[in-house]
Each structure stands twice: as structure tokens, then as C-alpha cells.
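To start, the structure itself, in C-alpha cells.
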Amino acid sequence: MRIGTTMLLLTGTLVTSMAAGYERQREGTEWSITYWFHANETKLPRILLIGDSICNGYQSFVAEELKDIAYSSFYATSKCVTDRSYIKELTHILEEYDYAVIHFNNGLHSLNTDRAAWETALRDVINVLKEKGKGAKLVCATATPLKDPALTAKAKELNAIAVRVMKENGIPVNDLFGLMDPQDRSMWSDTFHYHEPARKMQAKQVADAVRKLLPPPPPAPAAQPQTK
């Protein structure tokens, strides 16, 4: 199996976002990971998962769920959508392959981002996905809850904005927050992340959301009549 991989690691300084005039401070370490599985194969449609470490946690299970019907790719990053490099990286990834479905999320690294700037940048991202996605079907995932109730409240604020923006753009929402919030907090491995059973729960819901949007498989070739 051929795998295409890109990994980027950046140290933080003050940067100017694409949202007009808004400056945010990067985290002490910024990271991005991109994998294209089955990089040289074209028999099946390709999907792209976009997110952060939560996406990185469930992506392998999604690939397993869909292995017979789609090739999987993912772009996981610590960058907020307001970061100056986010659109650059996203554009590169979109230009590399044709994707049938793009499942995207941005939230847990944006909890303290100015809400108006985040919404503006999110709308910019949607425009890029539509312009560079070559007709890919889009689905947006809500940010997952956290072990800390105060941080969970911030995630809910971002989710409310995202759901409203997606409704305006006719993009379906995969409610991962709604899936995880009722769960016992013992399923969390730390404030942000999850143990494997929870990551598999997320993967199943992501795979189900993606599967609904995949193109139907081509019809099986007609059986040839037997000759005597």
C-alpha cells in the first residue's frame, strides 16, 4: 500500500489572520499532519477528513469502516481557521487529489479565538472547499465536548456558530458533540482526548455520515450467457 504523507511543525509567534485585522497568538508548537492512503490507486472514490487531534484519533477507524468503498485521507492540525497558514495548507491538500466527500471540523484549538473573526474565517474555509473541492460533497462535524465544563461551554459557543453557518450554506452537520456529551467522562483520556472505545464510536458516526454522501458503486458487469 502506498501512503502519501506530509508533516509540518511550527513554533509560535504573533500572526495576522485572514479575518480582517484580527491577530491571534499561535500556540507554542503548531503542527499539521496529512496522510493520503492508497496514494496511487483510483479504483474507489477518495474521502478527506479535516480536523485536529480528535480527527487524528478516529481517522484510522474510519478508514477501516470504509475500506471496501473508499480510500481515506486526512488533514489534522492544531491551527485555528484564522491562522495565516490554514488556507495555504488546505488549498494544497485540495489540489493534490479529487475527493468525493470532505468531512471537516475546526474548534478545539479555537476555543479562545474571537468569535466574529472565527466565523469570518470559517466562511472563508467553506468558500475554499467549494471552489477547490471539485464538487466534493461537504459535511461539517461539531467540536467534541471536553472534560472541563468551562471549556465545553466554549466549544458549544463555536458549535452554535458553525451550525448556523452550515445551515446558511446548505451543508449537513455531523453532531459529534451530541454523540459524546452524554457519555461518562471516564471515556476521556485527558481534558481533550478519548480512549479507544470512544474514538471508535466517533469513527462509526463519521463513517456513517460520509457513506451517505459517497457516489453509488458502478453496476456489476452483466453476466455473460453461457455457450455450449
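We label chains A, B, ... in the order they appear in the C-alpha cells, count residues from 1 in each chain, and number ligands from 1 in the order shown.
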Please report as a tab-separated table every residue of stretch 119-147 of chain A lying within 10 Å of stretch 178-197 of chain A, along with the nearest atom pair and their distance in Å (one decimal), using only C-alpha atoms.
```
residue	atom	partner	partner_atom	distance
A:Thr142	CA	A:Gly178	CA	8.3
A:Ala143	CA	A:Gly178	CA	9.5
A:Thr144	CA	A:Met180	CA	6.7
A:Pro145	CA	A:Asp181	CA	5.8
A:Leu146	CA	A:Phe192	CA	5.3
A:Lys147	CA	A:Thr191	CA	4.8
```
Could you pull out the residues in stretch 36-185 of chain A that DSSP calls helix (DSSP H, G or I) from the backbone, as a PyMOL selection string? chain A and resi 53-65+86-96+115-132+149-169+176-180+185
Quick one: everything within 12 Å of A:Phe177, counting only C-alpha atoms, minus sequence neighbours fewer than 6 positions away in the same chain. Send it as an mmCIF file with N, CA and C atoms, in the first residue's frame.
```cif
data_model
loop_
_atom_site.group_PDB
_atom_site.id
_atom_site.type_symbol
_atom_site.label_atom_id
_atom_site.label_comp_id
_atom_site.auth_asym_id
_atom_site.auth_seq_id
_atom_site.Cartn_x
_atom_site.Cartn_y
_atom_site.Cartn_z
ATOM 1 N N ILE A 54 -8.541 15.206 17.534
ATOM 2 C CA ILE A 54 -9.712 14.331 17.621
ATOM 3 C C ILE A 54 -9.879 13.574 16.308
ATOM 4 N N ASN A 105 -13.886 19.852 10.303
ATOM 5 C CA ASN A 105 -14.133 20.384 11.645
ATOM 6 C C ASN A 105 -12.977 21.302 12.026
ATOM 7 N N GLY A 107 -12.224 23.558 15.822
ATOM 8 C CA GLY A 107 -12.870 24.043 17.031
ATOM 9 C C GLY A 107 -12.025 24.015 18.284
ATOM 10 N N LEU A 108 -11.460 22.860 18.638
ATOM 11 C CA LEU A 108 -10.836 22.729 19.947
ATOM 12 C C LEU A 108 -9.577 23.571 20.106
ATOM 13 N N CYS A 140 -19.983 18.937 7.850
ATOM 14 C CA CYS A 140 -19.242 19.568 8.938
ATOM 15 C C CYS A 140 -19.530 18.846 10.254
ATOM 16 N N ALA A 141 -18.490 18.578 11.016
ATOM 17 C CA ALA A 141 -18.647 17.951 12.334
ATOM 18 C C ALA A 141 -18.552 19.008 13.421
ATOM 19 N N THR A 142 -19.394 18.900 14.426
ATOM 20 C CA THR A 142 -19.285 19.786 15.577
ATOM 21 C C THR A 142 -18.076 19.395 16.417
ATOM 22 N N ALA A 143 -17.535 20.386 17.151
ATOM 23 C CA ALA A 143 -16.423 20.131 18.070
ATOM 24 C C ALA A 143 -16.910 19.282 19.235
ATOM 25 N N THR A 144 -16.076 18.370 19.676
ATOM 26 C CA THR A 144 -16.450 17.459 20.756
ATOM 27 C C THR A 144 -16.351 18.144 22.120
ATOM 28 N N PRO A 145 -17.121 17.668 23.093
ATOM 29 C CA PRO A 145 -17.060 18.231 24.444
ATOM 30 C C PRO A 145 -15.750 17.861 25.136
ATOM 31 N N LEU A 146 -15.484 18.533 26.234
ATOM 32 C CA LEU A 146 -14.247 18.326 26.985
ATOM 33 C C LEU A 146 -14.565 17.884 28.403
ATOM 34 N N THR A 152 -16.016 23.109 27.727
ATOM 35 C CA THR A 152 -17.138 22.563 26.960
ATOM 36 C C THR A 152 -18.118 23.667 26.579
ATOM 37 N N ALA A 153 -18.328 24.613 27.477
ATOM 38 C CA ALA A 153 -19.221 25.739 27.183
ATOM 39 C C ALA A 153 -18.681 26.560 26.008
ATOM 40 N N ALA A 155 -16.783 25.325 23.573
ATOM 41 C CA ALA A 155 -16.998 24.508 22.376
ATOM 42 C C ALA A 155 -18.440 24.641 21.894
ATOM 43 N N LYS A 156 -19.378 24.708 22.827
ATOM 44 C CA LYS A 156 -20.788 24.876 22.453
ATOM 45 C C LYS A 156 -21.020 26.209 21.747
ATOM 46 N N GLU A 157 -20.312 27.238 22.176
ATOM 47 C CA GLU A 157 -20.441 28.539 21.502
ATOM 48 C C GLU A 157 -19.992 28.443 20.044
ATOM 49 N N LEU A 158 -18.847 27.807 19.825
ATOM 50 C CA LEU A 158 -18.350 27.650 18.454
ATOM 51 C C LEU A 158 -19.291 26.775 17.638
ATOM 52 N N ASN A 159 -19.801 25.728 18.245
ATOM 53 C CA ASN A 159 -20.718 24.837 17.530
ATOM 54 C C ASN A 159 -21.980 25.567 17.092
ATOM 55 N N ALA A 160 -22.484 26.449 17.943
ATOM 56 C CA ALA A 160 -23.688 27.202 17.578
ATOM 57 C C ALA A 160 -23.433 28.069 16.351
ATOM 58 N N VAL A 163 -23.076 25.602 13.245
ATOM 59 C CA VAL A 163 -24.358 25.058 12.793
ATOM 60 C C VAL A 163 -25.131 26.120 12.015
ATOM 61 N N GLN A 183 -21.911 10.949 27.329
ATOM 62 C CA GLN A 183 -21.089 9.823 27.756
ATOM 63 C C GLN A 183 -20.405 10.101 29.094
ATOM 64 N N MET A 201 -16.484 4.959 18.575
ATOM 65 C CA MET A 201 -17.849 5.499 18.478
ATOM 66 C C MET A 201 -17.887 6.670 17.507
ATOM 67 N N GLN A 202 -16.935 7.572 17.664
ATOM 68 C CA GLN A 202 -16.859 8.732 16.772
ATOM 69 C C GLN A 202 -16.645 8.291 15.328
ATOM 70 N N GLN A 205 -19.783 7.043 13.611
ATOM 71 C CA GLN A 205 -20.713 8.100 13.210
ATOM 72 C C GLN A 205 -20.147 8.895 12.031
#
```
Which of stretch 73-103 of chain A DSSP labels strand (DSSP E), written as JSON, numbers by chain: {"A": [73, 74, 75, 76, 77, 101, 102, 103]}
Let me see the file: selected residues, N, CA and C atoms, as a PDB file, in the first residue's frame.
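So the final result, stored in again17.pdb, reads:
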```
ATOM      1  N   SER A  73      -8.197   9.807   3.344  1.00  0.00           N
ATOM      2  CA  SER A  73      -7.140  10.802   3.524  1.00  0.00           C
ATOM      3  C   SER A  73      -7.524  11.648   4.723  1.00  0.00           C
ATOM      4  N   PHE A  74      -6.519  12.252   5.386  1.00  0.00           N
ATOM      5  CA  PHE A  74      -6.881  13.170   6.461  1.00  0.00           C
ATOM      6  C   PHE A  74      -5.851  14.278   6.607  1.00  0.00           C
ATOM      7  N   TYR A  75      -6.354  15.415   7.062  1.00  0.00           N
ATOM      8  CA  TYR A  75      -5.546  16.593   7.382  1.00  0.00           C
ATOM      9  C   TYR A  75      -5.905  16.994   8.804  1.00  0.00           C
ATOM     10  N   ALA A  76      -5.007  16.729   9.741  1.00  0.00           N
ATOM     11  CA  ALA A  76      -5.214  17.083  11.140  1.00  0.00           C
ATOM     12  C   ALA A  76      -4.208  18.175  11.510  1.00  0.00           C
ATOM     13  N   THR A  77      -4.674  19.211  12.194  1.00  0.00           N
ATOM     14  CA  THR A  77      -3.796  20.337  12.500  1.00  0.00           C
ATOM     15  C   THR A  77      -4.223  21.025  13.787  1.00  0.00           C
ATOM     16  N   VAL A 101     -16.018  13.095  -0.915  1.00  0.00           N
ATOM     17  CA  VAL A 101     -16.634  13.651   0.294  1.00  0.00           C
ATOM     18  C   VAL A 101     -15.534  14.277   1.148  1.00  0.00           C
ATOM     19  N   ILE A 102     -15.834  15.455   1.694  1.00  0.00           N
ATOM     20  CA  ILE A 102     -14.938  16.121   2.645  1.00  0.00           C
ATOM     21  C   ILE A 102     -15.695  16.340   3.941  1.00  0.00           C
ATOM     22  N   HIS A 103     -15.190  15.737   5.018  1.00  0.00           N
ATOM     23  CA  HIS A 103     -15.776  15.842   6.360  1.00  0.00           C
ATOM     24  C   HIS A 103     -14.844  16.731   7.164  1.00  0.00           C
TER      25      HIS A 103
END
```
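The coordinates place atom CA of A:Gly51 at 10.1 Å from atom CA of A:Ile33.
Of note, atom CA of A:Glu168 and atom CA of A:Asn112 are spaced 24.1 Å apart.
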Contacts of A:Ile161 at 10 Å or less, counting only C-alpha atoms, minus same-chain residues fewer than 4 places along, as an mmCIF file with N, CA and C atoms, in the first residue's frame?
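Below is the file that was written, around_1.cif:
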```
data_model
loop_
_atom_site.group_PDB
_atom_site.id
_atom_site.type_symbol
_atom_site.label_atom_id
_atom_site.label_comp_id
_atom_site.auth_asym_id
_atom_site.auth_seq_id
_atom_site.Cartn_x
_atom_site.Cartn_y
_atom_site.Cartn_z
ATOM 1 N N ARG A 115 -14.822 35.373 18.387
ATOM 2 C CA ARG A 115 -15.904 34.647 17.719
ATOM 3 C C ARG A 115 -16.227 35.225 16.335
ATOM 4 N N ALA A 116 -16.243 36.537 16.210
ATOM 5 C CA ALA A 116 -16.549 37.140 14.908
ATOM 6 C C ALA A 116 -15.457 36.804 13.891
ATOM 7 N N TRP A 118 -13.510 34.180 13.990
ATOM 8 C CA TRP A 118 -13.604 32.748 13.688
ATOM 9 C C TRP A 118 -14.704 32.483 12.673
ATOM 10 N N GLU A 119 -15.837 33.137 12.826
ATOM 11 C CA GLU A 119 -16.926 32.948 11.873
ATOM 12 C C GLU A 119 -16.519 33.423 10.479
ATOM 13 N N LEU A 122 -14.173 30.862 9.090
ATOM 14 C CA LEU A 122 -14.901 29.641 8.755
ATOM 15 C C LEU A 122 -15.619 29.795 7.420
ATOM 16 N N LYS A 156 -19.378 24.708 22.827
ATOM 17 C CA LYS A 156 -20.788 24.876 22.453
ATOM 18 C C LYS A 156 -21.020 26.209 21.747
ATOM 19 N N GLU A 157 -20.312 27.238 22.176
ATOM 20 C CA GLU A 157 -20.441 28.539 21.502
ATOM 21 C C GLU A 157 -19.992 28.443 20.044
ATOM 22 N N VAL A 165 -23.879 28.721 10.349
ATOM 23 C CA VAL A 165 -23.202 28.971 9.076
ATOM 24 C C VAL A 165 -23.448 27.821 8.097
ATOM 25 N N MET A 166 -23.432 26.588 8.607
ATOM 26 C CA MET A 166 -23.667 25.440 7.727
ATOM 27 C C MET A 166 -25.094 25.448 7.181
#
```
